[in-house]
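Quick look at my_file-v1.cif (mmCIF, N, CA and C atoms):
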```
data_target
loop_
_atom_site.label_atom_id
_atom_site.label_comp_id
_atom_site.auth_asym_id
_atom_site.auth_seq_id
_atom_site.Cartn_x
_atom_site.Cartn_y
_atom_site.Cartn_z
N MET A 9 -12.69 68.59 -53.84
CA MET A 9 -14.00 68.11 -53.45
C MET A 9 -13.87 67.23 -52.21
N THR A 10 -14.99 67.03 -51.54
CA THR A 10 -15.01 66.19 -50.36
C THR A 10 -14.60 64.77 -50.74
N ASP A 11 -14.45 63.93 -49.74
CA ASP A 11 -14.06 62.55 -49.93
C ASP A 11 -15.06 61.84 -50.86
N ASN A 12 -14.57 61.42 -52.03
CA ASN A 12 -15.45 60.75 -53.01
C ASN A 12 -16.09 59.49 -52.44
N THR A 13 -15.40 58.81 -51.54
CA THR A 13 -15.95 57.57 -50.98
C THR A 13 -17.26 57.84 -50.27
N LYS A 14 -17.31 58.90 -49.48
CA LYS A 14 -18.54 59.25 -48.75
C LYS A 14 -19.64 59.70 -49.72
N VAL A 15 -19.27 60.48 -50.72
CA VAL A 15 -20.24 60.96 -51.70
C VAL A 15 -20.80 59.80 -52.50
N ILE A 16 -19.93 58.90 -52.94
CA ILE A 16 -20.38 57.72 -53.68
C ILE A 16 -21.27 56.86 -52.80
N GLY A 17 -20.93 56.72 -51.53
CA GLY A 17 -21.77 55.96 -50.60
C GLY A 17 -23.15 56.58 -50.46
N SER A 18 -23.18 57.89 -50.36
CA SER A 18 -24.45 58.61 -50.26
C SER A 18 -25.28 58.43 -51.53
N LEU A 19 -24.62 58.56 -52.68
CA LEU A 19 -25.31 58.38 -53.96
C LEU A 19 -25.82 56.94 -54.11
N ASN A 20 -25.04 55.97 -53.64
CA ASN A 20 -25.50 54.57 -53.70
C ASN A 20 -26.71 54.37 -52.80
N ASN A 21 -26.75 55.02 -51.66
CA ASN A 21 -27.92 54.96 -50.80
C ASN A 21 -29.14 55.53 -51.53
N ILE A 22 -28.95 56.65 -52.22
CA ILE A 22 -30.03 57.25 -53.01
C ILE A 22 -30.47 56.30 -54.12
N LEU A 23 -29.52 55.71 -54.82
CA LEU A 23 -29.83 54.75 -55.88
C LEU A 23 -30.68 53.61 -55.33
N GLU A 24 -30.29 53.07 -54.19
CA GLU A 24 -31.03 51.98 -53.57
C GLU A 24 -32.44 52.41 -53.15
N MET A 25 -32.56 53.62 -52.61
CA MET A 25 -33.88 54.14 -52.21
C MET A 25 -34.79 54.29 -53.43
N GLU A 26 -34.22 54.83 -54.51
CA GLU A 26 -35.03 55.04 -55.71
C GLU A 26 -35.42 53.72 -56.36
N LEU A 27 -34.53 52.74 -56.35
CA LEU A 27 -34.89 51.42 -56.88
C LEU A 27 -35.99 50.78 -56.02
N ALA A 28 -35.92 50.99 -54.72
CA ALA A 28 -37.00 50.51 -53.84
C ALA A 28 -38.30 51.19 -54.23
N GLY A 29 -38.24 52.47 -54.58
CA GLY A 29 -39.44 53.19 -55.01
C GLY A 29 -40.07 52.56 -56.24
N VAL A 30 -39.23 52.12 -57.17
CA VAL A 30 -39.74 51.45 -58.37
C VAL A 30 -40.55 50.21 -57.97
N VAL A 31 -39.98 49.41 -57.09
CA VAL A 31 -40.63 48.18 -56.65
C VAL A 31 -41.89 48.49 -55.85
N ILE A 32 -41.78 49.40 -54.91
CA ILE A 32 -42.91 49.72 -54.03
C ILE A 32 -44.09 50.27 -54.83
N TYR A 33 -43.83 51.27 -55.66
CA TYR A 33 -44.93 51.89 -56.39
C TYR A 33 -45.54 50.94 -57.43
N THR A 34 -44.72 50.08 -58.03
CA THR A 34 -45.25 49.08 -58.95
C THR A 34 -46.17 48.11 -58.20
N HIS A 35 -45.71 47.67 -57.03
CA HIS A 35 -46.51 46.77 -56.20
C HIS A 35 -47.82 47.43 -55.79
N TYR A 36 -47.74 48.66 -55.31
CA TYR A 36 -48.96 49.37 -54.91
C TYR A 36 -49.95 49.45 -56.06
N ALA A 37 -49.47 49.76 -57.26
CA ALA A 37 -50.36 49.89 -58.41
C ALA A 37 -51.10 48.58 -58.69
N LEU A 38 -50.44 47.47 -58.42
CA LEU A 38 -51.08 46.17 -58.64
C LEU A 38 -52.12 45.84 -57.58
N MET A 39 -52.04 46.50 -56.43
CA MET A 39 -52.89 46.16 -55.29
C MET A 39 -54.09 47.08 -55.10
N VAL A 40 -54.31 48.00 -56.02
CA VAL A 40 -55.42 48.95 -55.89
C VAL A 40 -56.68 48.36 -56.51
N TYR A 41 -57.76 48.40 -55.74
CA TYR A 41 -59.06 47.93 -56.21
C TYR A 41 -60.09 49.02 -55.95
N GLY A 42 -61.20 48.94 -56.64
CA GLY A 42 -62.30 49.85 -56.37
C GLY A 42 -62.56 50.82 -57.50
N TYR A 43 -63.54 51.69 -57.27
CA TYR A 43 -64.03 52.61 -58.29
C TYR A 43 -62.97 53.57 -58.82
N ASN A 44 -62.07 54.01 -57.96
CA ASN A 44 -61.06 55.00 -58.37
C ASN A 44 -59.75 54.36 -58.81
N ARG A 45 -59.76 53.09 -59.13
CA ARG A 45 -58.54 52.36 -59.46
C ARG A 45 -57.73 53.00 -60.58
N ILE A 46 -58.38 53.35 -61.67
CA ILE A 46 -57.66 53.81 -62.87
C ILE A 46 -56.82 55.06 -62.60
N PRO A 47 -57.37 56.13 -62.04
CA PRO A 47 -56.51 57.31 -61.80
C PRO A 47 -55.44 57.05 -60.75
N ILE A 48 -55.75 56.22 -59.76
CA ILE A 48 -54.77 55.95 -58.70
C ILE A 48 -53.61 55.13 -59.24
N ILE A 49 -53.90 54.08 -60.02
CA ILE A 49 -52.79 53.28 -60.54
C ILE A 49 -51.97 54.08 -61.55
N SER A 50 -52.60 54.97 -62.25
CA SER A 50 -51.86 55.83 -63.17
C SER A 50 -50.86 56.68 -62.40
N TRP A 51 -51.28 57.26 -61.29
CA TRP A 51 -50.39 58.08 -60.47
C TRP A 51 -49.27 57.22 -59.89
N LEU A 52 -49.60 56.04 -59.38
CA LEU A 52 -48.60 55.16 -58.78
C LEU A 52 -47.57 54.70 -59.82
N ARG A 53 -48.02 54.35 -61.01
CA ARG A 53 -47.09 53.93 -62.06
C ARG A 53 -46.22 55.09 -62.51
N GLY A 54 -46.76 56.30 -62.50
CA GLY A 54 -45.95 57.48 -62.78
C GLY A 54 -44.86 57.67 -61.74
N GLN A 55 -45.18 57.39 -60.48
CA GLN A 55 -44.19 57.48 -59.41
C GLN A 55 -43.09 56.43 -59.59
N ALA A 56 -43.47 55.23 -60.01
CA ALA A 56 -42.49 54.17 -60.26
C ALA A 56 -41.54 54.57 -61.39
N THR A 57 -42.10 55.13 -62.45
CA THR A 57 -41.28 55.57 -63.59
C THR A 57 -40.33 56.69 -63.16
N GLU A 58 -40.83 57.62 -62.38
CA GLU A 58 -39.99 58.71 -61.90
C GLU A 58 -38.88 58.20 -60.99
N SER A 59 -39.18 57.21 -60.15
CA SER A 59 -38.15 56.62 -59.29
C SER A 59 -37.04 55.98 -60.12
N LEU A 60 -37.41 55.33 -61.21
CA LEU A 60 -36.41 54.73 -62.09
C LEU A 60 -35.53 55.80 -62.73
N THR A 61 -36.13 56.90 -63.14
CA THR A 61 -35.37 58.02 -63.69
C THR A 61 -34.38 58.54 -62.65
N HIS A 62 -34.85 58.70 -61.41
CA HIS A 62 -33.99 59.20 -60.34
C HIS A 62 -32.86 58.21 -60.04
N ALA A 63 -33.15 56.92 -60.09
CA ALA A 63 -32.12 55.90 -59.87
C ALA A 63 -31.05 56.00 -60.96
N ASN A 64 -31.48 56.18 -62.20
CA ASN A 64 -30.52 56.33 -63.30
C ASN A 64 -29.65 57.56 -63.12
N GLN A 65 -30.24 58.66 -62.68
CA GLN A 65 -29.46 59.89 -62.45
C GLN A 65 -28.40 59.66 -61.38
N ALA A 66 -28.79 59.03 -60.28
CA ALA A 66 -27.82 58.76 -59.21
C ALA A 66 -26.72 57.83 -59.71
N GLY A 67 -27.09 56.81 -60.47
CA GLY A 67 -26.10 55.88 -61.00
C GLY A 67 -25.10 56.55 -61.93
N GLU A 68 -25.58 57.46 -62.76
CA GLU A 68 -24.68 58.20 -63.65
C GLU A 68 -23.70 59.05 -62.86
N LEU A 69 -24.16 59.66 -61.78
CA LEU A 69 -23.25 60.47 -60.96
C LEU A 69 -22.22 59.58 -60.26
N ILE A 70 -22.64 58.42 -59.83
CA ILE A 70 -21.71 57.48 -59.19
C ILE A 70 -20.59 57.12 -60.16
N THR A 71 -20.95 56.77 -61.38
CA THR A 71 -19.92 56.39 -62.35
C THR A 71 -19.09 57.58 -62.79
N ASN A 72 -19.69 58.78 -62.82
CA ASN A 72 -18.89 59.99 -63.11
C ASN A 72 -17.79 60.18 -62.09
N LEU A 73 -18.07 59.81 -60.85
CA LEU A 73 -17.09 59.97 -59.77
C LEU A 73 -16.14 58.78 -59.66
N GLY A 74 -16.30 57.81 -60.55
CA GLY A 74 -15.41 56.65 -60.53
C GLY A 74 -15.88 55.54 -59.62
N GLY A 75 -17.14 55.61 -59.21
CA GLY A 75 -17.67 54.59 -58.31
C GLY A 75 -18.40 53.49 -59.05
N HIS A 76 -18.86 52.52 -58.28
CA HIS A 76 -19.58 51.37 -58.81
C HIS A 76 -21.00 51.40 -58.25
N PRO A 77 -22.01 51.51 -59.12
CA PRO A 77 -23.39 51.55 -58.64
C PRO A 77 -23.79 50.27 -57.92
N SER A 78 -24.48 50.43 -56.82
CA SER A 78 -24.94 49.32 -56.02
C SER A 78 -25.99 48.50 -56.77
N LEU A 79 -26.00 47.21 -56.49
CA LEU A 79 -27.05 46.33 -57.01
C LEU A 79 -28.13 46.07 -55.96
N ALA A 80 -27.97 46.68 -54.80
CA ALA A 80 -28.94 46.48 -53.72
C ALA A 80 -30.19 47.33 -53.95
N ILE A 81 -31.22 46.97 -53.25
CA ILE A 81 -32.47 47.73 -53.27
C ILE A 81 -32.74 48.15 -51.83
N GLY A 82 -33.17 49.39 -51.66
CA GLY A 82 -33.46 49.91 -50.32
C GLY A 82 -34.60 49.16 -49.66
N ARG A 83 -34.90 49.58 -48.45
CA ARG A 83 -35.94 48.96 -47.63
C ARG A 83 -37.28 48.96 -48.37
N LEU A 84 -37.90 47.79 -48.40
CA LEU A 84 -39.21 47.64 -49.03
C LEU A 84 -40.28 47.58 -47.94
N LEU A 85 -41.12 48.60 -47.91
CA LEU A 85 -42.20 48.65 -46.92
C LEU A 85 -43.34 47.75 -47.39
N GLU A 86 -43.86 46.97 -46.49
CA GLU A 86 -45.01 46.12 -46.83
C GLU A 86 -45.78 45.80 -45.56
N THR A 87 -46.92 46.44 -45.42
CA THR A 87 -47.76 46.17 -44.26
C THR A 87 -48.83 45.14 -44.57
N HIS A 88 -49.01 44.81 -45.84
CA HIS A 88 -50.07 43.92 -46.31
C HIS A 88 -51.46 44.52 -46.08
N ASN A 89 -51.50 45.82 -45.83
CA ASN A 89 -52.76 46.56 -45.74
C ASN A 89 -52.83 47.44 -46.97
N HIS A 90 -53.69 47.08 -47.91
CA HIS A 90 -53.66 47.73 -49.21
C HIS A 90 -54.81 48.68 -49.48
N ASP A 91 -55.43 49.20 -48.41
CA ASP A 91 -56.39 50.25 -48.72
C ASP A 91 -55.59 51.50 -49.09
N ILE A 92 -56.21 52.41 -49.79
CA ILE A 92 -55.51 53.57 -50.34
C ILE A 92 -54.85 54.39 -49.25
N GLY A 93 -55.51 54.55 -48.12
CA GLY A 93 -54.92 55.30 -47.01
C GLY A 93 -53.60 54.70 -46.54
N ASN A 94 -53.58 53.38 -46.38
CA ASN A 94 -52.33 52.72 -45.95
C ASN A 94 -51.24 52.83 -47.01
N ILE A 95 -51.62 52.67 -48.26
CA ILE A 95 -50.65 52.81 -49.34
C ILE A 95 -50.05 54.21 -49.32
N LEU A 96 -50.88 55.23 -49.14
CA LEU A 96 -50.38 56.60 -49.12
C LEU A 96 -49.52 56.88 -47.90
N ARG A 97 -49.88 56.31 -46.75
CA ARG A 97 -49.05 56.50 -45.55
C ARG A 97 -47.69 55.82 -45.72
N GLU A 98 -47.67 54.64 -46.34
CA GLU A 98 -46.39 53.98 -46.63
C GLU A 98 -45.59 54.81 -47.63
N SER A 99 -46.26 55.38 -48.61
CA SER A 99 -45.61 56.24 -49.59
C SER A 99 -45.01 57.47 -48.91
N LEU A 100 -45.74 58.04 -47.98
CA LEU A 100 -45.25 59.20 -47.23
C LEU A 100 -43.97 58.83 -46.47
N GLU A 101 -43.95 57.66 -45.87
CA GLU A 101 -42.76 57.20 -45.15
C GLU A 101 -41.58 57.02 -46.10
N HIS A 102 -41.84 56.41 -47.25
CA HIS A 102 -40.77 56.19 -48.23
C HIS A 102 -40.24 57.52 -48.77
N GLU A 103 -41.13 58.44 -49.10
CA GLU A 103 -40.72 59.75 -49.64
C GLU A 103 -39.94 60.55 -48.60
N THR A 104 -40.30 60.43 -47.33
CA THR A 104 -39.56 61.12 -46.27
C THR A 104 -38.15 60.55 -46.16
N ALA A 105 -38.01 59.25 -46.23
CA ALA A 105 -36.68 58.63 -46.18
C ALA A 105 -35.85 59.05 -47.40
N SER A 106 -36.47 59.12 -48.56
CA SER A 106 -35.76 59.57 -49.76
C SER A 106 -35.31 61.01 -49.62
N LEU A 107 -36.19 61.86 -49.12
CA LEU A 107 -35.84 63.27 -48.90
C LEU A 107 -34.63 63.37 -47.97
N ASN A 108 -34.62 62.60 -46.91
CA ASN A 108 -33.50 62.64 -45.97
C ASN A 108 -32.20 62.17 -46.61
N SER A 109 -32.28 61.23 -47.54
CA SER A 109 -31.08 60.77 -48.26
C SER A 109 -30.48 61.89 -49.10
N TYR A 110 -31.34 62.65 -49.76
CA TYR A 110 -30.86 63.79 -50.56
C TYR A 110 -30.31 64.90 -49.67
N LYS A 111 -30.92 65.11 -48.51
CA LYS A 111 -30.40 66.12 -47.58
C LYS A 111 -29.02 65.71 -47.07
N ASP A 112 -28.83 64.42 -46.82
CA ASP A 112 -27.52 63.93 -46.39
C ASP A 112 -26.46 64.19 -47.46
N LEU A 113 -26.82 63.96 -48.72
CA LEU A 113 -25.89 64.23 -49.82
C LEU A 113 -25.55 65.71 -49.85
N LEU A 114 -26.54 66.56 -49.73
CA LEU A 114 -26.30 68.00 -49.77
C LEU A 114 -25.31 68.42 -48.70
N LYS A 115 -25.44 67.88 -47.51
CA LYS A 115 -24.49 68.21 -46.42
C LYS A 115 -23.07 67.83 -46.80
N LEU A 116 -22.91 66.72 -47.51
CA LEU A 116 -21.57 66.27 -47.90
C LEU A 116 -20.93 67.15 -48.97
N VAL A 117 -21.74 67.67 -49.88
CA VAL A 117 -21.18 68.35 -51.06
C VAL A 117 -21.32 69.87 -51.05
N GLU A 118 -22.07 70.40 -50.09
CA GLU A 118 -22.32 71.84 -50.05
C GLU A 118 -21.01 72.62 -50.01
N GLY A 119 -20.88 73.54 -50.95
CA GLY A 119 -19.67 74.35 -51.05
C GLY A 119 -18.49 73.64 -51.68
N GLU A 120 -18.68 72.40 -52.09
CA GLU A 120 -17.57 71.60 -52.66
C GLU A 120 -17.75 71.31 -54.14
N SER A 121 -18.98 71.05 -54.55
CA SER A 121 -19.26 70.70 -55.94
C SER A 121 -20.58 71.33 -56.36
N VAL A 122 -20.53 72.27 -57.28
CA VAL A 122 -21.74 72.92 -57.74
C VAL A 122 -22.68 71.89 -58.39
N MET A 123 -22.12 71.00 -59.21
CA MET A 123 -22.93 70.00 -59.89
C MET A 123 -23.71 69.15 -58.89
N LEU A 124 -23.02 68.60 -57.90
CA LEU A 124 -23.67 67.73 -56.94
C LEU A 124 -24.59 68.51 -56.00
N GLU A 125 -24.19 69.72 -55.68
CA GLU A 125 -25.03 70.55 -54.82
C GLU A 125 -26.35 70.89 -55.52
N GLU A 126 -26.27 71.26 -56.79
CA GLU A 126 -27.48 71.58 -57.54
C GLU A 126 -28.35 70.35 -57.74
N TYR A 127 -27.71 69.22 -58.00
CA TYR A 127 -28.46 67.96 -58.12
C TYR A 127 -29.21 67.68 -56.82
N ALA A 128 -28.52 67.75 -55.69
CA ALA A 128 -29.15 67.46 -54.40
C ALA A 128 -30.29 68.43 -54.13
N ARG A 129 -30.07 69.71 -54.39
CA ARG A 129 -31.12 70.71 -54.15
C ARG A 129 -32.34 70.46 -55.03
N GLN A 130 -32.12 70.14 -56.30
CA GLN A 130 -33.24 69.86 -57.20
C GLN A 130 -34.02 68.64 -56.74
N MET A 131 -33.32 67.62 -56.29
CA MET A 131 -34.00 66.41 -55.84
C MET A 131 -34.74 66.65 -54.52
N ILE A 132 -34.18 67.47 -53.65
CA ILE A 132 -34.88 67.84 -52.42
C ILE A 132 -36.17 68.57 -52.78
N HIS A 133 -36.08 69.48 -53.72
CA HIS A 133 -37.26 70.21 -54.20
C HIS A 133 -38.32 69.22 -54.70
N THR A 134 -37.91 68.28 -55.52
CA THR A 134 -38.82 67.29 -56.08
C THR A 134 -39.45 66.43 -55.00
N GLU A 135 -38.64 65.96 -54.05
CA GLU A 135 -39.17 65.11 -52.98
C GLU A 135 -40.12 65.89 -52.07
N GLU A 136 -39.82 67.16 -51.81
CA GLU A 136 -40.73 67.97 -50.99
C GLU A 136 -42.07 68.16 -51.70
N LEU A 137 -42.04 68.33 -53.02
CA LEU A 137 -43.29 68.42 -53.78
C LEU A 137 -44.09 67.12 -53.67
N HIS A 138 -43.40 65.98 -53.76
CA HIS A 138 -44.07 64.68 -53.63
C HIS A 138 -44.71 64.54 -52.26
N LEU A 139 -43.97 64.93 -51.23
CA LEU A 139 -44.51 64.83 -49.88
C LEU A 139 -45.77 65.69 -49.74
N GLY A 140 -45.73 66.88 -50.32
CA GLY A 140 -46.91 67.75 -50.27
C GLY A 140 -48.09 67.15 -51.00
N GLU A 141 -47.82 66.53 -52.13
CA GLU A 141 -48.88 65.90 -52.91
C GLU A 141 -49.52 64.74 -52.15
N VAL A 142 -48.68 63.89 -51.57
CA VAL A 142 -49.20 62.75 -50.80
C VAL A 142 -49.95 63.26 -49.57
N ASN A 143 -49.41 64.29 -48.93
CA ASN A 143 -50.08 64.86 -47.77
C ASN A 143 -51.49 65.34 -48.12
N LYS A 144 -51.63 66.01 -49.26
CA LYS A 144 -52.95 66.46 -49.69
C LYS A 144 -53.88 65.29 -49.98
N MET A 145 -53.33 64.22 -50.54
CA MET A 145 -54.15 63.05 -50.84
C MET A 145 -54.65 62.36 -49.57
N LEU A 146 -53.91 62.50 -48.47
CA LEU A 146 -54.30 61.88 -47.21
C LEU A 146 -55.33 62.70 -46.43
N ARG A 147 -55.58 63.92 -46.86
CA ARG A 147 -56.55 64.77 -46.17
C ARG A 147 -57.96 64.39 -46.58
N ASN A 148 -58.89 64.59 -45.66
CA ASN A 148 -60.30 64.42 -45.99
C ASN A 148 -60.75 65.60 -46.85
N PRO A 149 -61.71 65.39 -47.74
CA PRO A 149 -62.21 66.51 -48.55
C PRO A 149 -62.61 67.69 -47.65
N GLY A 150 -62.14 68.85 -48.00
CA GLY A 150 -62.45 70.06 -47.25
C GLY A 150 -61.43 70.40 -46.17
N ASP A 151 -60.56 69.44 -45.80
CA ASP A 151 -59.53 69.72 -44.80
C ASP A 151 -58.45 70.61 -45.40
N VAL A 152 -58.14 71.69 -44.71
CA VAL A 152 -57.11 72.60 -45.16
C VAL A 152 -55.79 72.31 -44.44
N LYS A 153 -55.88 71.91 -43.19
CA LYS A 153 -54.67 71.65 -42.40
C LYS A 153 -53.94 70.44 -42.96
N PRO A 154 -52.60 70.48 -42.93
CA PRO A 154 -51.82 69.33 -43.41
C PRO A 154 -52.13 68.05 -42.62
N TYR A 155 -52.04 66.93 -43.30
CA TYR A 155 -52.22 65.62 -42.69
C TYR A 155 -51.13 65.42 -41.65
N SER A 156 -51.49 64.80 -40.55
CA SER A 156 -50.54 64.51 -39.50
C SER A 156 -50.84 63.12 -38.97
N THR A 157 -49.78 62.36 -38.69
CA THR A 157 -49.99 60.99 -38.19
C THR A 157 -50.35 60.98 -36.74
#
```

Please go through the file and, once you have read it, give me the structure as structure tokens.
Amino acid sequence: MTDNTKVIGSLNNILEMELAGVVIYTHYALMVYGYNRIPIISWLRGQATESLTHANQAGELITNLGGHPSLAIGRLLETHNHDIGNILRESLEHETASLNSYKDLLKLVEGESVMLEEYARQMIHTEELHLGEVNKMLRNPGDVKPYST
């Protein structure tokens, strides 16, 4: 297999990104106000729970490889603008960074470890679905074209 040090480093980066997701999505859920609060906070809290699951998966792989899971938390985005559009744009940025972390892992393990390759591919699939979901949420009703910044 490839150098475990690089793979463990990549997995620790993923762990930190996912832990940041737990904090970010929990914070966002607390900051939603207005008529649509209940369904939006439900979705945000679901994202926080999923991020914790993903962090646990990365941590288990780190320890399987003989590494030590990081105690750090990835970059926490905070614009202090808490309208739903801003929250979703920040979420899009976070999900894009997470997707790139999984793509980096895939480059390291491709052709070297079926387990890690399949893990990375599955997580890329999941992150791409999240990005699509957030993109749809950022569109105006009736817009078919993908959201673009």

Do you know which residues the PyMOL selection byres (((chain A and resi 141 and name CA) around 12) and name CA) returns on this file, as a PyMOL selection string? chain A and resi 51+55+96-97+99-100+103+134-140+142-147+154-155

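The coordinates place atom N of A:Arg129 at 14.3 Å from atom N of A:Ser18.
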
Per DSSP on the backbone, what are the alpha helix (DSSP H) residues of chain A, as a ChimeraX atom specification? /A:12-38,45-72,92-117,122-146

Work out how far apart atom N of A:Leu19 and atom N of A:Arg53 are and give it in Å to one decimal. 25.2 Å

Would you place a box with edges along x, y and z of the file around all atoms of stretch 14-19 of chain A listed there, add 6 Å to each of its six sides, and report the centre and edge lengths in Å to one decimal, as lines of an AutoDock Vina configuration file?
```
center_x = -21.6
center_y = 58.5
center_z = -51.4
size_x = 20.5
size_y = 17.0
size_z = 17.4
```

Just give me the gap between atom N of A:Ala28 and atom C of A:Ser106 in Å, one decimal is fine. 11.3 Å

Using only N, CA and C atoms, which residues sit within 8 Å of A:Leu38 once same-chain residues fewer than 3 positions away are excluded, as a PyMOL selection string? chain A and resi 32-35+41+49+52-53

Would you mind telling me which residue in A:His88, A:His102, A:Val31, A:Leu23 lies nearest to A:Gly67 when using all atoms listed in the file?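 Nearest candidate to A:Gly67 out of A:His88, A:His102, A:Val31, A:Leu23: A:Leu23.
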
Just checking: using all atoms listed in the file, which residue out of A:Asp112, A:Glu86, A:Leu60, A:Ile95 ends up closest to A:Val30?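 Of all the options, A:Leu60 lies closest to A:Val30.
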